[in-house]
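S.K.: What follows is start-v1.cif, made up of mmCIF, C-alpha atoms and all ligand atoms:
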data_final
#
loop_
_atom_site.label_atom_id
_atom_site.label_comp_id
_atom_site.auth_asym_id
_atom_site.auth_seq_id
_atom_site.Cartn_x
_atom_site.Cartn_y
_atom_site.Cartn_z
CA ALA A 44 -9.51 22.52 -17.92
CA SER A 45 -11.51 22.25 -21.13
CA ASP A 46 -15.27 21.73 -20.91
CA ALA A 47 -15.30 19.53 -24.06
CA GLU A 48 -17.61 16.54 -23.67
CA ILE A 49 -15.77 13.34 -22.70
CA PRO A 50 -16.68 10.47 -25.08
CA ALA A 51 -18.56 7.74 -23.14
CA ALA A 52 -16.13 5.02 -24.33
CA VAL A 53 -13.22 6.57 -22.39
CA ASP A 54 -15.21 8.04 -19.50
CA LYS A 55 -14.49 5.04 -17.26
CA PRO A 56 -11.40 3.28 -15.86
CA LEU A 57 -10.00 1.48 -18.93
CA LYS A 58 -7.78 -1.58 -18.76
CA ILE A 59 -4.73 -1.19 -20.98
CA ALA A 60 -2.05 -3.81 -21.72
CA ALA A 61 1.49 -2.79 -22.70
CA ILE A 62 3.29 -5.63 -24.49
CA MET A 63 7.03 -4.96 -24.38
CA GLU A 64 9.89 -6.90 -25.98
CA PHE A 65 12.26 -5.82 -23.18
CA SER A 66 12.28 -3.38 -20.29
CA THR A 67 15.98 -3.02 -19.53
CA GLY A 68 17.83 0.28 -19.93
CA THR A 69 17.00 3.89 -19.21
CA PHE A 70 15.02 4.36 -22.43
CA ALA A 71 12.60 1.59 -21.44
CA SER A 72 12.27 2.75 -17.83
CA GLN A 73 11.43 6.32 -18.89
CA TYR A 74 8.99 4.94 -21.48
CA VAL A 75 7.21 2.80 -18.85
CA SER A 76 6.96 5.80 -16.49
CA GLY A 77 5.45 7.81 -19.34
CA LEU A 78 2.86 5.10 -20.07
CA GLU A 79 1.88 4.81 -16.43
CA ALA A 80 1.66 8.58 -15.96
CA GLN A 81 -0.59 9.16 -18.99
CA VAL A 82 -2.90 6.19 -18.34
CA GLU A 83 -3.21 7.21 -14.69
CA LYS A 84 -4.07 10.78 -15.71
CA PHE A 85 -6.91 9.33 -17.77
CA GLY A 86 -8.10 7.26 -14.79
CA GLY A 87 -7.13 3.93 -16.37
CA GLU A 88 -4.88 1.05 -15.38
CA VAL A 89 -1.95 -0.28 -17.42
CA GLN A 90 -0.46 -3.73 -17.03
CA ILE A 91 3.09 -4.11 -18.32
CA TYR A 92 4.04 -7.44 -19.94
CA ASN A 93 7.81 -7.76 -20.37
CA ALA A 94 9.01 -10.52 -22.72
CA ASN A 95 12.71 -10.26 -21.78
CA ASN A 96 13.83 -10.24 -25.43
CA ASP A 97 11.82 -13.37 -26.30
CA LEU A 98 9.54 -12.79 -29.31
CA SER A 99 7.46 -15.93 -28.79
CA GLN A 100 6.87 -14.89 -25.18
CA MET A 101 5.80 -11.49 -26.51
CA ALA A 102 3.24 -13.19 -28.79
CA ASN A 103 1.99 -15.20 -25.77
CA HIS A 104 1.60 -12.00 -23.75
CA LEU A 105 -0.38 -10.44 -26.58
CA GLN A 106 -2.68 -13.48 -26.60
CA THR A 107 -3.12 -13.26 -22.81
CA ALA A 108 -4.11 -9.60 -23.05
CA ILE A 109 -6.63 -10.40 -25.81
CA ASN A 110 -8.10 -13.28 -23.76
CA GLN A 111 -8.46 -10.97 -20.76
CA GLY A 112 -10.56 -8.62 -22.90
CA VAL A 113 -8.54 -5.47 -22.24
CA ASP A 114 -9.83 -2.19 -23.68
CA GLY A 115 -6.66 -1.34 -25.56
CA ILE A 116 -3.21 -2.70 -26.38
CA LEU A 117 0.10 -0.87 -26.68
CA ILE A 118 2.96 -2.75 -28.34
CA ASP A 119 6.58 -1.70 -27.82
CA HIS A 120 9.28 -3.17 -30.11
CA GLY A 121 8.84 -6.75 -31.37
CA ARG A 122 8.54 -7.90 -34.97
CA ALA A 123 5.60 -8.28 -37.35
CA GLU A 124 6.35 -11.95 -38.05
CA ALA A 125 5.74 -12.77 -34.36
CA LEU A 126 2.89 -10.35 -33.65
CA ASN A 127 0.80 -9.71 -36.80
CA GLN A 128 -1.55 -12.61 -36.15
CA GLY A 129 -2.28 -11.50 -32.57
CA VAL A 130 -2.78 -7.90 -33.68
CA GLU A 131 -5.29 -8.99 -36.33
CA GLU A 132 -7.15 -11.05 -33.72
CA ALA A 133 -7.24 -8.09 -31.30
CA LEU A 134 -8.73 -5.85 -34.00
CA GLU A 135 -11.32 -8.49 -34.94
CA LYS A 136 -12.37 -8.55 -31.28
CA GLY A 137 -12.73 -4.76 -31.25
CA ILE A 138 -9.59 -4.07 -29.19
CA SER A 139 -7.68 -0.97 -30.34
CA VAL A 140 -3.94 -1.29 -30.93
CA VAL A 141 -1.17 1.34 -31.16
CA THR A 142 2.40 0.22 -31.84
CA PHE A 143 5.83 1.75 -31.27
CA ASP A 144 9.18 0.75 -32.74
CA ASN A 145 8.22 -2.26 -34.80
CA ASP A 146 7.40 -3.23 -38.39
CA ILE A 147 3.74 -4.16 -37.83
CA THR A 148 1.63 -2.68 -40.66
CA VAL A 149 -1.89 -3.98 -40.08
CA ASP A 150 -4.78 -1.80 -41.34
CA GLY A 151 -6.46 -0.04 -38.42
CA VAL A 152 -3.32 0.14 -36.29
CA THR A 153 -1.51 3.43 -35.58
CA ALA A 154 2.26 2.95 -35.66
CA ILE A 155 4.45 5.56 -33.99
CA SER A 156 8.20 6.02 -34.13
CA GLN A 157 10.88 8.48 -33.16
CA ASP A 158 11.73 9.01 -36.83
CA ASP A 159 14.80 6.79 -36.65
CA TYR A 160 16.10 8.06 -39.99
CA SER A 161 16.29 11.62 -38.61
CA LEU A 162 17.76 10.40 -35.32
CA ALA A 163 20.59 8.64 -37.14
CA TRP A 164 21.24 11.44 -39.61
CA GLY A 165 21.22 14.08 -36.86
CA THR A 166 24.03 12.48 -34.91
CA LEU A 167 25.98 11.25 -37.97
CA LYS A 168 25.89 14.69 -39.58
CA GLN A 169 27.49 16.13 -36.46
CA MET A 170 30.14 13.37 -36.53
CA ALA A 171 30.92 14.07 -40.20
CA GLN A 172 31.41 17.77 -39.47
CA ASP A 173 33.57 17.10 -36.41
CA ILE A 174 35.91 14.70 -38.24
CA ASP A 175 35.88 16.84 -41.40
CA GLY A 176 34.43 14.05 -43.52
CA GLU A 177 37.34 11.63 -43.08
CA GLY A 178 38.64 9.18 -40.49
CA ASN A 179 38.35 5.75 -38.91
CA ILE A 180 35.18 4.90 -37.08
CA VAL A 181 33.71 2.07 -35.02
CA TYR A 182 30.05 1.05 -35.42
CA VAL A 183 28.00 -0.55 -32.66
CA TRP A 184 24.91 -2.30 -34.01
CA ALA A 185 22.68 -5.36 -33.65
CA GLY A 186 20.13 -6.55 -36.23
CA GLY A 187 16.56 -7.68 -35.63
CA PHE A 188 15.30 -4.52 -33.88
CA THR A 189 13.21 -2.26 -36.10
CA PRO A 190 14.62 1.08 -34.85
CA LEU A 191 18.20 -0.19 -35.23
CA GLU A 192 17.42 -1.57 -38.72
CA ARG A 193 16.08 1.86 -39.73
CA ARG A 194 19.12 3.67 -38.27
CA ASN A 195 21.35 1.25 -40.17
CA VAL A 196 19.79 2.34 -43.48
CA ILE A 197 21.05 5.86 -42.77
CA TYR A 198 24.45 4.61 -41.61
CA GLU A 199 24.91 2.77 -44.93
CA ALA A 200 23.97 5.95 -46.80
CA PHE A 201 26.39 7.95 -44.61
CA LEU A 202 29.29 5.65 -45.57
CA GLU A 203 28.43 6.08 -49.24
CA HIS A 204 28.18 9.84 -48.87
CA TYR A 205 31.54 10.09 -47.06
CA PRO A 206 33.92 7.71 -48.91
CA ASN A 207 36.85 8.93 -46.79
CA VAL A 208 35.25 7.59 -43.64
CA SER A 209 36.27 3.97 -42.96
CA GLU A 210 34.62 1.54 -40.58
CA VAL A 211 37.50 -0.25 -38.83
CA ALA A 212 35.41 -2.33 -36.41
CA ARG A 213 31.80 -3.31 -35.83
CA PHE A 214 30.23 -5.18 -32.91
CA GLY A 215 27.07 -5.13 -30.85
CA SER A 216 24.45 -7.20 -29.10
CA VAL A 217 21.29 -6.43 -27.17
CA SER A 218 21.05 -8.37 -23.92
CA ASN A 219 20.01 -7.88 -20.32
CA ASN A 220 23.26 -5.97 -19.84
CA THR A 221 23.88 -4.24 -23.14
CA ALA A 222 26.01 -1.44 -21.66
CA LEU A 223 28.45 -3.82 -19.98
CA ASP A 224 28.65 -6.07 -23.06
CA SER A 225 29.37 -3.01 -25.23
CA GLN A 226 32.05 -1.87 -22.79
CA ASN A 227 33.79 -5.27 -22.95
CA GLN A 228 33.58 -5.39 -26.74
CA MET A 229 34.94 -1.84 -27.06
CA GLU A 230 37.84 -2.71 -24.73
CA ALA A 231 38.81 -5.47 -27.17
CA VAL A 232 38.67 -3.03 -30.10
CA LEU A 233 40.84 -0.52 -28.23
CA LYS A 234 43.44 -3.24 -27.61
CA LYS A 235 43.44 -4.04 -31.31
CA TYR A 236 43.92 -0.35 -32.19
CA PRO A 237 46.23 0.95 -29.44
CA GLU A 238 47.82 3.90 -31.31
CA GLU A 239 46.44 7.38 -30.73
CA GLY A 240 44.66 8.52 -33.88
CA SER A 241 43.83 4.98 -35.06
CA ILE A 242 40.15 5.53 -34.19
CA ASP A 243 38.47 8.93 -34.51
CA ALA A 244 34.88 8.26 -33.53
CA VAL A 245 32.26 5.69 -32.57
CA PHE A 246 28.68 5.61 -33.86
CA ALA A 247 26.61 4.01 -31.07
CA PRO A 248 22.96 4.41 -32.07
CA TYR A 249 21.39 3.25 -28.76
CA ASP A 250 22.27 4.80 -25.39
CA GLU A 251 23.09 1.44 -23.78
CA PHE A 252 25.74 1.01 -26.52
CA ALA A 253 26.97 4.60 -26.02
CA LYS A 254 27.28 4.26 -22.23
CA GLY A 255 29.38 1.12 -22.57
CA VAL A 256 31.77 2.40 -25.24
CA THR A 257 32.18 5.71 -23.38
CA ARG A 258 33.23 3.86 -20.21
CA ALA A 259 35.73 1.73 -22.16
CA ILE A 260 37.25 4.79 -23.83
CA GLN A 261 37.49 6.67 -20.51
CA GLN A 262 39.07 3.72 -18.72
CA ALA A 263 41.64 3.27 -21.49
CA GLY A 264 42.48 7.00 -21.33
CA ARG A 265 41.59 7.36 -25.04
CA ASP A 266 39.49 10.51 -24.67
CA GLU A 267 40.54 11.63 -28.16
CA ILE A 268 37.91 9.19 -29.52
CA LYS A 269 34.47 10.84 -29.67
CA VAL A 270 31.16 9.01 -29.25
CA TYR A 271 28.01 9.88 -31.23
CA GLY A 272 24.91 8.29 -29.71
CA ILE A 273 21.15 8.12 -29.84
CA ASP A 274 18.72 8.50 -26.87
CA LEU A 275 18.83 10.58 -23.72
CA SER A 276 18.17 10.02 -20.01
CA ASP A 277 19.31 11.60 -16.74
CA GLU A 278 22.10 9.03 -16.58
CA ASP A 279 23.15 9.76 -20.18
CA LEU A 280 23.20 13.50 -19.50
CA GLN A 281 25.37 12.93 -16.45
CA ILE A 282 27.87 10.85 -18.48
CA MET A 283 27.91 13.33 -21.36
CA GLN A 284 28.50 16.24 -18.98
CA GLU A 285 31.49 14.64 -17.23
CA GLU A 286 34.69 16.59 -17.86
CA ASN A 287 36.21 15.63 -21.25
CA SER A 288 33.51 13.03 -21.80
CA PRO A 289 34.05 11.20 -25.10
CA TRP A 290 30.24 11.16 -25.61
CA VAL A 291 29.77 14.55 -27.28
CA THR A 292 26.52 14.25 -29.26
CA THR A 293 23.26 12.38 -29.11
CA ALA A 294 19.97 12.60 -31.01
CA ALA A 295 16.83 11.90 -29.05
CA THR A 296 13.21 12.40 -28.19
CA ASP A 297 11.81 12.24 -24.66
CA PRO A 298 10.84 8.57 -24.07
CA ALA A 299 8.13 9.57 -21.59
CA GLU A 300 6.63 11.80 -24.27
CA VAL A 301 6.78 8.95 -26.83
CA ALA A 302 4.74 6.88 -24.38
CA GLY A 303 2.30 9.73 -23.76
CA VAL A 304 1.66 10.11 -27.49
CA GLN A 305 1.12 6.35 -27.86
CA VAL A 306 -1.40 6.27 -24.98
CA ARG A 307 -3.27 9.32 -26.30
CA PHE A 308 -3.60 7.76 -29.79
CA LEU A 309 -4.98 4.62 -28.12
CA TYR A 310 -7.57 6.62 -26.18
CA GLN A 311 -8.50 8.50 -29.35
CA LYS A 312 -9.08 5.17 -31.08
CA ILE A 313 -11.16 3.83 -28.20
CA ALA A 314 -13.16 7.08 -28.31
CA GLY A 315 -13.88 6.35 -32.00
CA GLU A 316 -11.77 9.21 -33.38
CA GLU A 317 -9.76 9.07 -36.58
CA THR A 318 -6.05 8.49 -35.97
CA PRO A 319 -3.25 8.37 -38.55
CA SER A 320 -1.68 5.08 -39.67
CA ILE A 321 1.79 6.43 -38.91
CA TYR A 322 3.12 9.19 -36.71
CA ALA A 323 6.77 10.10 -36.12
CA LEU A 324 7.90 12.33 -33.25
CA ASP A 325 10.49 14.97 -34.13
CA PRO A 326 13.89 14.24 -32.55
CA SER A 327 16.45 16.84 -31.47
CA VAL A 328 20.23 16.78 -31.65
CA VAL A 329 21.87 17.41 -28.28
CA ASN A 330 25.52 18.50 -28.34
CA VAL A 331 27.32 18.75 -25.02
CA SER A 332 28.60 22.09 -26.24
CA ASP A 333 24.98 23.37 -26.26
CA LEU A 334 24.55 22.56 -22.56
CA PRO A 335 25.58 24.80 -19.68
CA ASP A 336 28.34 23.79 -17.23
CA GLU A 337 25.79 22.97 -14.52
CA PRO A 338 24.24 19.49 -14.53
CA VAL A 339 21.17 19.24 -16.77
CA THR A 340 18.35 16.71 -16.30
CA MET A 341 15.56 15.49 -18.57
CA ALA A 342 13.23 17.88 -16.76
CA ASP A 343 15.16 20.96 -17.90
CA VAL A 344 16.90 19.85 -21.12
CA GLY A 345 14.17 21.66 -23.09
CA GLN A 346 15.48 24.98 -21.77
CA HIS A 347 18.73 24.43 -23.67
CA ILE A 348 17.71 22.46 -26.77
CA GLU A 349 15.47 24.17 -29.28
CA GLY A 350 12.44 22.16 -30.36
CA TRP A 351 12.78 19.59 -27.57
CA GLY A 352 9.51 17.75 -26.84
CA SER A 353 6.11 17.74 -28.52
CA PRO A 354 3.70 17.81 -25.56
CA ASN A 355 0.57 18.45 -27.61
CA ALA A 356 0.81 15.62 -30.11
CA ALA A 357 -2.30 13.39 -30.25
CA ARG A 358 -4.24 15.63 -27.81
CA SER A 359 -8.00 15.87 -28.22
CA PRO A 360 -9.90 18.72 -26.54
CA TRP A 361 -11.75 16.29 -24.20
CA MET A 362 -8.45 14.97 -22.77
CA ASP A 363 -8.07 18.00 -20.51
CA ALA A 364 -11.55 17.35 -19.11
CA LEU A 365 -10.81 13.64 -18.60
CA GLU A 366 -7.58 14.46 -16.78
CA ALA A 367 -9.31 17.09 -14.64
CA LYS A 368 -12.06 14.61 -13.77
CA ASN A 369 -9.42 12.15 -12.58
CA GLY A 370 -7.85 14.79 -10.41
CA GLN A 371 -4.76 15.39 -12.57
C1 LIG B 1 17.32 -2.38 -29.14
S1 LIG B 1 16.38 -1.07 -29.77
C2 LIG B 1 16.84 0.26 -28.78
C3 LIG B 1 16.15 1.52 -29.18
O1 LIG B 1 14.78 1.44 -28.94
C4 LIG B 1 14.28 2.77 -28.84
O2 LIG B 1 13.94 3.15 -30.13
C5 LIG B 1 15.41 3.59 -28.30
O3 LIG B 1 15.58 4.78 -29.00
C6 LIG B 1 16.62 2.69 -28.37
O4 LIG B 1 17.73 3.29 -28.97
#
Show this structure as structure tokens.
M.R.:
Amino acid sequence: ASDAEIPAAVDKPLKIAAIMEFSTGTFASQYVSGLEAQVEKFGGEVQIYNANNDLSQMANHLQTAINQGVDGILIDHGRAEALNQGVEEALEKGISVVTFDNDITVDGVTAISQDDYSLAWGTLKQMAQDIDGEGNIVYVWAGGFTPLERRNVIYEAFLEHYPNVSEVARFGSVSNNTALDSQNQMEAVLKKYPEEGSIDAVFAPYDEFAKGVTRAIQQAGRDEIKVYGIDLSDEDLQIMQEENSPWVTTAATDPAEVAGVQVRFLYQKIAGEETPSIYALDPSVVNVSDLPDEPVTMADVGQHIEGWGSPNAARSPWMDALEAKNGQ
């Protein structure tokens, strides 16, 4: 462990609030585990507020955290129009704020992302190569979520760049059961396009979308249709590694690492250190063909995918000492 001096402001059990728009799905559960692990390593306590996809509830949760006088606030998803006012109030009261996956741009806040533009391009580039720049595709998408809006910018550019690729169907919604909804919606599309070769690929830029469409394709016996997703979890890896799985490519970062970076920026802020206004983690493209035949998990995916993970982002020298002091 480093012997760097621990700043007094973080050398105590801090109270952190995590204000989340939703907590369903394997991305969110890995993200929450990552938050809890990093805060615990620093000897703090994190309270998770889940708004169940309700933006006004999210704003209420933010207000509650401010009123409780927490030491720092993490915001996950949500939209500026609902949260800007609360964020400004938190800063006025001296509470540090770090955001992830939203469009909040208030001075003094650090906003992190997974570089959604690279995520989308990584998986779409692989799709373009696999279908040789032409074919019929299905797009799964829902508006109103900052990461999906950013991925959509790249999708629109992709369609312009590949004029011989046609979108034959589009659907999508984010709910408490996004995977099942996507499965049902994909089943309807498959009924509308029953002939082999009528659909070449699906772009499903959220793993809950990708899981659902993969199940629908498998159950319809239409394994010739390939799925290009975004995100990765143990469950996703298992589905992708099934024999002849339609889901062949995904682009992702490690959600637990995203959370770790967000917590570390927050502690840096509380310690009075300079932090950037924006920070984007570097995603990787994961092709099933790059994985071995044996089952791979999130714990060992880095052994097969070059550049996976960025464990040292937002790490100050005193963080080792703080973790050692808290027995981690
Ligand atoms: C509804 S937004 C879903 C996305 O949030 C995170 O950015 C994950 O990557 C997921 O795809």
S.K.: What residues have an atom no more than 10 Å from (-8.6, 16.7, -13.9) in the file's own frame, counting all atoms listed in the file, and can you write them as a list in words?
M.R.: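 All residues meeting the 10 Å criterion around (-8.6, 16.7, -13.9) are Ala44, Ser45, Lys84, Phe85, Gly86, Met362, Asp363, Ala364, Leu365, Glu366, Ala367, Lys368, Asn369, Gly370 and Gln371 of chain A.
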S.K.: Kindly give the distance, in Å, that separates CA of Ala259 in chain A and CA of Ile242 in chain A, rounded to a single decimal.
M.R.: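 Separation between CA of Ala259 in chain A and CA of Ile242 in chain A: 13.4 Å.
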S.K.: Counting only C-alpha atoms and all ligand atoms, what residues are within 8 Å of ligand LIG 1 (chain B), given as a PyMOL selection string?
M.R.: chain A and resi 70-71+120+144+156-157+159+185+188-191+217+248-251+273-274+295+298
S.K.: Ranking A:Val208, A:Lys58, A:Thr153, A:Leu126 by minimum distance to Gln172 in chain A and counting all atoms listed in the file, which one comes first?
M.R.: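 Closest residue, counting all atoms listed in the file: A:Val208.
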S.K.: Report, in Å to a single decimal, how far apart CA of Val328 in chain A and CA of Leu162 in chain A are.
M.R.: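 Interatomic distance here is 7.8 Å.
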S.K.: Would you work out the distance separating CA of Ala253 in chain A from CA of Gly272 in chain A, expressed in Å to one decimal?
M.R.: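 Taking CA of Ala253 in chain A and CA of Gly272 in chain A, their separation equals 5.6 Å.
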S.K.: What's around Ala60 in chain A at 8 Å? Count only C-alpha atoms, leave out sequence neighbours fewer than 6 positions away in its own chain, and write the answer as a list in words.
M.R.: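 Final neighbour list, sorted by chain and number: Val89, Gln90, Ile91, Tyr92, Ala108, Val113, Gly115, Ile116 and Leu117 of chain A.
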S.K.: I'd like the contact shell of Gly151 in chain A - 10 Å cut-off, only C-alpha atoms, skipping same-chain residues fewer than 4 positions apart - returned as an mmCIF file with C-alpha atoms, in the frame of the given file.
M.R.:
data_model
loop_
_atom_site.group_PDB
_atom_site.id
_atom_site.type_symbol
_atom_site.label_atom_id
_atom_site.label_comp_id
_atom_site.auth_asym_id
_atom_site.auth_seq_id
_atom_site.Cartn_x
_atom_site.Cartn_y
_atom_site.Cartn_z
ATOM 1 C CA VAL A 130 -2.780 -7.900 -33.680
ATOM 2 C CA GLU A 131 -5.290 -8.990 -36.330
ATOM 3 C CA LEU A 134 -8.730 -5.850 -34.000
ATOM 4 C CA SER A 139 -7.680 -0.970 -30.340
ATOM 5 C CA VAL A 140 -3.940 -1.290 -30.930
ATOM 6 C CA VAL A 141 -1.170 1.340 -31.160
ATOM 7 C CA LYS A 312 -9.080 5.170 -31.080
ATOM 8 C CA GLU A 317 -9.760 9.070 -36.580
ATOM 9 C CA THR A 318 -6.050 8.490 -35.970
ATOM 10 C CA PRO A 319 -3.250 8.370 -38.550
ATOM 11 C CA SER A 320 -1.680 5.080 -39.670
#
S.K.: For a cutoff of 12 Å around the file-coordinate point (10.6, 3.1, -21.4), which residues qualify once you count only C-alpha atoms? I'd like the result as a ChimeraX atom specification.
M.R.: /A:61-80,91,93,118-120,143-144,274-276,296-303,305
S.K.: Can you pull out the residues contacting Val304 in chain A? Cut-off 9 Å, using all atoms listed in the file, and skip same-chain residues under 2 positions away; I want them as a ChimeraX atom specification.
M.R.: /A:81,155,299-302,306-309,324,353-358
S.K.: The selected residues should be written to file as a PDB file, in the frame of the given file (atoms: C-alpha atoms).
M.R.:
ATOM      1  CA  GLN A  81      -0.590   9.160 -18.990  1.00  0.00           C
ATOM      2  CA  ILE A 155       4.450   5.560 -33.990  1.00  0.00           C
ATOM      3  CA  ALA A 299       8.130   9.570 -21.590  1.00  0.00           C
ATOM      4  CA  GLU A 300       6.630  11.800 -24.270  1.00  0.00           C
ATOM      5  CA  VAL A 301       6.780   8.950 -26.830  1.00  0.00           C
ATOM      6  CA  ALA A 302       4.740   6.880 -24.380  1.00  0.00           C
ATOM      7  CA  VAL A 306      -1.400   6.270 -24.980  1.00  0.00           C
ATOM      8  CA  ARG A 307      -3.270   9.320 -26.300  1.00  0.00           C
ATOM      9  CA  PHE A 308      -3.600   7.760 -29.790  1.00  0.00           C
ATOM     10  CA  LEU A 309      -4.980   4.620 -28.120  1.00  0.00           C
ATOM     11  CA  LEU A 324       7.900  12.330 -33.250  1.00  0.00           C
ATOM     12  CA  SER A 353       6.110  17.740 -28.520  1.00  0.00           C
ATOM     13  CA  PRO A 354       3.700  17.810 -25.560  1.00  0.00           C
ATOM     14  CA  ASN A 355       0.570  18.450 -27.610  1.00  0.00           C
ATOM     15  CA  ALA A 356       0.810  15.620 -30.110  1.00  0.00           C
ATOM     16  CA  ALA A 357      -2.300  13.390 -30.250  1.00  0.00           C
ATOM     17  CA  ARG A 358      -4.240  15.630 -27.810  1.00  0.00           C
TER      18      ARG A 358
END
S.K.: Quick one: of A:Gly176, A:Ser216, A:Tyr160, A:Thr107, who's nearest to Val196 in chain A, counting only C-alpha atoms?
M.R.: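 Of A:Gly176, A:Ser216, A:Tyr160, A:Thr107, the one nearest Val196 in chain A is A:Tyr160, counting only C-alpha atoms.
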S.K.: Find, counting all atoms listed in the file, the residue in A:Met283, A:Ala314, A:Val339, A:Val183 that gets nearest to Val256 in chain A.
M.R.: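 Closest residue, counting all atoms listed in the file: A:Val183.
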S.K.: Ranking A:Trp164, A:Asn219, A:Tyr322, A:Thr292 by minimum distance to Glu199 in chain A and counting all atoms listed in the file, which one comes first?
M.R.: A:Trp164
S.K.: Between A:Glu337, A:Glu267, A:Asp54, A:Asp343, which has the minimum distance to Ile174 in chain A (counting all atoms listed in the file)?
M.R.: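 Smallest separation from Ile174 in chain A among the options: A:Glu267.
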S.K.: Calculated over only C-alpha atoms, which of the candidates A:Gly121, A:Gly240, A:Gly255, A:Pro206 has the smallest distance to Leu223 in chain A?
M.R.: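 Between A:Gly121, A:Gly240, A:Gly255, A:Pro206, the residue approaching Leu223 in chain A most closely is A:Gly255.
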S.K.: Quick one: 3 Å padding each side, axis-aligned, all listed atoms of range 325-343 of chain A - centre and edge lengths in Å to one decimal, as lines of an AutoDock Vina configuration file?
M.R.:
center_x = 19.5
center_y = 19.5
center_z = -24.3
size_x = 24.1
size_y = 16.6
size_z = 25.6
